[in-house]
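Heads up, the thing below is written out as structure tokens.
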Amino acid sequence: METTGTATFDLDMLETIEEAFERCGSEARQGYDFRTARRSLNLLLADWANRGINLWTVDSGTIPLVAGTATYNIPADTVDLLEHVTRINNGVAATQNDIPLERVSFPVYSSIPNKLSQAVRPYQILITRGVAQPTVTLWPVPSDATVILVYWRLRRMQDAGDGINTHDIPFRLLPALTSGLAYYLSLKIPGAQNRTEMLKSIYDEDFQRAAEEDRDRATLRIVPRIGR
């Protein structure tokens, strides 16, 4: 027998909801069933943002620095920043140079005597994860407008959508997504509570396997940082 020759399997939102309802021993029949399932799906994705680094949501960005300006907005859908450097001569192969920024806490930043001190390249960064708009504050304050901030961030996963959308996740996360939604729905569907414990156990196992697979496979190197 021949195989299909394809590897394109995916689930859109409606198919995920149907599968989750079936695991609860029920069916999605009315408009409200799909609306409440979509709400649970978005809450599930929000919870995943709290469970660690989801590698498929990592991307990068740049911010041109302005002389005399310490604080800058970063995209509103940012969960957190992972790495950050200042760069000079961006795009020039012979002279482009990156220097990492040290992330500091609020107590450390508040203890800086002169927060208006300027330098060509900052070396500390304070990240404020605000509700509406996350920001970064650099110290010393940049004095050279030719320097740029380069960052790598975790972004929010995109919303569940209106039914025909596929999910903003790799295919290998589909089992965890479906079992997680089934567990969430079992808390709300009358008569499905007797399956809640089983569905939670399946979800925990599926997510654990997915989380163990979704990791950086590069060799770990630990290099001591010698302070000034």
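Letters A, B, ... mark the chains of the structure tokens in the order given; residue numbers begin at 1 per chain; ligand numbers begin at 1, in order shown.
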
Each residue of region 141-225 of chain A lying at most 9 Å from region 37-51 of chain A should get a row with its shortest atom-to-atom pair and the distance in Å to one decimal, counting only C-alpha atoms; could you produce that, ordered by chain and increasing number, as a tab-separated table?
```
residue	atom	partner	partner_atom	distance
A:Leu154	CA	A:Ala49	CA	8.6
A:Arg155	CA	A:Ala49	CA	8.7
A:Arg156	CA	A:Ala49	CA	7.1
A:Met157	CA	A:Leu45	CA	6.8
A:Gln158	CA	A:Leu45	CA	8.6
A:Asp159	CA	A:Asn42	CA	6.2
A:Ala160	CA	A:Asn42	CA	6.0
A:Gly161	CA	A:Arg38	CA	7.9
A:Asp162	CA	A:Arg38	CA	8.3
A:Gly163	CA	A:Arg38	CA	8.6
A:Leu177	CA	A:Leu44	CA	8.0
A:Gly180	CA	A:Leu44	CA	7.1
A:Leu181	CA	A:Leu41	CA	6.0
A:Tyr184	CA	A:Ser40	CA	6.4
A:Leu185	CA	A:Ala37	CA	6.9
A:Ala211	CA	A:Arg51	CA	9.0
```

Long-range neighbours of Leu82 (chain A) as JSON, numbers by chain, 8 Å cut-off, only C-alpha atoms, 2 positions minimum in chain: {"A": [80, 84, 151, 152, 153, 154]}

Name all residues at most 9 Å from Ser179 (chain A) (count only C-alpha atoms; drop same-chain ones fewer than 2 positions away) and give them as a PyMOL selection string. chain A and resi 19-20+23+174-177+181-184+199-200+202-204+206-207

Serialized selection, N, CA and C atoms, as an mmCIF file, in the first residue's frame:
```cif
data_model
loop_
_atom_site.group_PDB
_atom_site.id
_atom_site.type_symbol
_atom_site.label_atom_id
_atom_site.label_comp_id
_atom_site.auth_asym_id
_atom_site.auth_seq_id
_atom_site.Cartn_x
_atom_site.Cartn_y
_atom_site.Cartn_z
ATOM 1 N N GLU A 19 -13.910 18.177 18.251
ATOM 2 C CA GLU A 19 -13.168 17.095 18.889
ATOM 3 C C GLU A 19 -13.224 17.206 20.414
ATOM 4 N N ALA A 20 -13.077 18.439 20.920
ATOM 5 C CA ALA A 20 -13.095 18.645 22.368
ATOM 6 C C ALA A 20 -14.462 18.311 22.953
ATOM 7 N N ARG A 23 -14.892 14.576 23.181
ATOM 8 C CA ARG A 23 -14.168 13.988 24.302
ATOM 9 C C ARG A 23 -14.912 14.190 25.618
ATOM 10 N N LEU A 174 -1.002 20.363 18.555
ATOM 11 C CA LEU A 174 -2.429 20.120 18.375
ATOM 12 C C LEU A 174 -3.008 19.155 19.415
ATOM 13 N N PRO A 175 -2.329 18.043 19.761
ATOM 14 C CA PRO A 175 -2.898 17.174 20.798
ATOM 15 C C PRO A 175 -3.084 17.891 22.129
ATOM 16 N N ALA A 176 -2.095 18.689 22.540
ATOM 17 C CA ALA A 176 -2.203 19.408 23.810
ATOM 18 C C ALA A 176 -3.314 20.455 23.748
ATOM 19 N N LEU A 177 -3.443 21.139 22.626
ATOM 20 C CA LEU A 177 -4.485 22.152 22.480
ATOM 21 C C LEU A 177 -5.866 21.520 22.579
ATOM 22 N N LEU A 181 -8.516 22.020 25.671
ATOM 23 C CA LEU A 181 -9.846 22.583 25.475
ATOM 24 C C LEU A 181 -10.919 21.629 26.006
ATOM 25 N N ALA A 182 -10.728 20.332 25.787
ATOM 26 C CA ALA A 182 -11.690 19.358 26.316
ATOM 27 C C ALA A 182 -11.768 19.428 27.836
ATOM 28 N N TYR A 183 -10.618 19.564 28.480
ATOM 29 C CA TYR A 183 -10.600 19.701 29.942
ATOM 30 C C TYR A 183 -11.323 20.971 30.377
ATOM 31 N N TYR A 184 -11.042 22.094 29.719
ATOM 32 C CA TYR A 184 -11.701 23.351 30.077
ATOM 33 C C TYR A 184 -13.216 23.245 29.892
ATOM 34 N N LEU A 199 -9.786 13.936 31.767
ATOM 35 C CA LEU A 199 -9.385 14.873 30.717
ATOM 36 C C LEU A 199 -8.223 15.747 31.166
ATOM 37 N N LYS A 200 -8.197 16.110 32.441
ATOM 38 C CA LYS A 200 -7.076 16.893 32.952
ATOM 39 C C LYS A 200 -5.790 16.089 32.920
ATOM 40 N N ILE A 202 -5.049 13.639 30.852
ATOM 41 C CA ILE A 202 -4.627 13.529 29.458
ATOM 42 C C ILE A 202 -3.989 14.843 29.007
ATOM 43 N N TYR A 203 -4.607 15.957 29.364
ATOM 44 C CA TYR A 203 -4.062 17.261 28.995
ATOM 45 C C TYR A 203 -2.677 17.472 29.584
ATOM 46 N N ASP A 204 -2.505 17.166 30.864
ATOM 47 C CA ASP A 204 -1.200 17.337 31.504
ATOM 48 C C ASP A 204 -0.125 16.514 30.794
ATOM 49 N N ASP A 206 -0.212 15.381 27.606
ATOM 50 C CA ASP A 206 0.008 15.920 26.251
ATOM 51 C C ASP A 206 0.850 17.185 26.301
ATOM 52 N N PHE A 207 0.543 18.082 27.266
ATOM 53 C CA PHE A 207 1.303 19.326 27.335
ATOM 54 C C PHE A 207 2.743 19.057 27.760
#
```

Residues near region 64-75 of chain A, anyone? I mean within 10 Å using only C-alpha atoms, not counting same-chain ones fewer than 2 positions away, as a PyMOL selection string. chain A and resi 61-62+77-81+86-87+115-122+125-129+132-151+153+155

Top pick for closest residue to Gly191 (chain A), considering A:Cys24, A:Glu18, A:Thr3, A:Gln30 and counting only C-alpha atoms: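 That would be A:Cys24, the residue with the smallest distance to Gly191 (chain A).
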
Å distance separating CA of Asp10 (chain A) from CA of His167 (chain A), one decimal place: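 Between these atoms lies a distance of 8.6 Å.
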
As JSON, numbers by chain, please: every residue in region 8-221 of chain A that a backbone DSSP assignment puts in strand (DSSP E). {"A": [58, 59, 60, 61, 62, 63, 64, 71, 72, 73, 78, 79, 80, 81, 82, 83, 84, 85, 86, 87, 88, 97, 98, 99, 100, 102, 103, 118, 119, 124, 125, 126, 127, 128, 135, 136, 137, 138, 139, 141, 142, 148, 149, 150, 151, 152, 153, 154, 155]}

How many Å separate CA of Pro113 (chain A) from CA of Val131 (chain A)?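 These two atoms are separated by 28.0 Å.
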
May I have the residues within 8 Å of Asn97 (chain A) as a list in words, using only C-alpha atoms and disregarding those fewer than 6 positions away in the same chain?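 The residues that qualify are Arg87, Ile88, Asn89 and Asn90 of chain A.
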
Let's have the selection written as a compact mmCIF listing (two decimals), in the first residue's frame, with N, CA and C atoms.
```
# COMPACT_ATOMS: atom_id res chain seq x y z
N ARG A 87 23.39 47.99 19.19
CA ARG A 87 24.15 47.71 17.96
C ARG A 87 24.57 49.02 17.31
N ILE A 88 25.81 49.04 16.86
CA ILE A 88 26.31 50.16 16.06
C ILE A 88 26.63 49.67 14.67
N ASN A 89 26.59 50.57 13.71
CA ASN A 89 26.91 50.26 12.30
C ASN A 89 26.05 49.11 11.78
N ASN A 90 24.77 49.21 12.01
CA ASN A 90 23.84 48.15 11.61
C ASN A 90 23.92 47.90 10.11
```

Of the candidates A:Glu15, A:Ile169, A:Arg195, A:Ala76, which shows the shortest atom-to-atom distance to Gly130 (chain A), using only C-alpha atoms?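 Selected residue with least distance to Gly130 (chain A): A:Ala76.
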
Excluding Thr166 (chain A) and its own-chain neighbours fewer than 3 positions away, which residues fall within 8 Å of it when counting only C-alpha atoms? Please give them as a list of chain:residue names.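 In the requested form, the answer reads A:Asp10, A:Leu11, A:Asp12, A:Met13.
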
Write a file of the just-selected residues containing N, CA and C atoms, as an mmCIF file, in the first residue's frame.
```
data_model
loop_
_atom_site.group_PDB
_atom_site.id
_atom_site.type_symbol
_atom_site.label_atom_id
_atom_site.label_comp_id
_atom_site.auth_asym_id
_atom_site.auth_seq_id
_atom_site.Cartn_x
_atom_site.Cartn_y
_atom_site.Cartn_z
ATOM 1 N N ASP A 10 -3.830 19.472 9.723
ATOM 2 C CA ASP A 10 -4.009 20.571 10.661
ATOM 3 C C ASP A 10 -5.470 20.584 11.075
ATOM 4 N N LEU A 11 -5.773 21.325 12.104
ATOM 5 C CA LEU A 11 -7.150 21.487 12.560
ATOM 6 C C LEU A 11 -7.496 22.967 12.571
ATOM 7 N N ASP A 12 -8.666 23.307 12.020
ATOM 8 C CA ASP A 12 -9.121 24.668 12.224
ATOM 9 C C ASP A 12 -9.866 24.739 13.550
ATOM 10 N N MET A 13 -10.341 25.923 13.909
ATOM 11 C CA MET A 13 -10.946 26.096 15.218
ATOM 12 C C MET A 13 -12.208 25.251 15.389
#
```

If I take CA of Gln124 (chain A) and CA of Arg217 (chain A), how far is one from the other in Å, to one decimal?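 Separation of CA of Gln124 (chain A) and CA of Arg217 (chain A): 28.5 Å.
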
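Between Gln193 (chain A) and the candidates A:Leu101, A:Gly25, A:Glu213, A:Asn165, the tightest atom-to-atom separation, counting only C-alpha atoms, involves A:Gly25.
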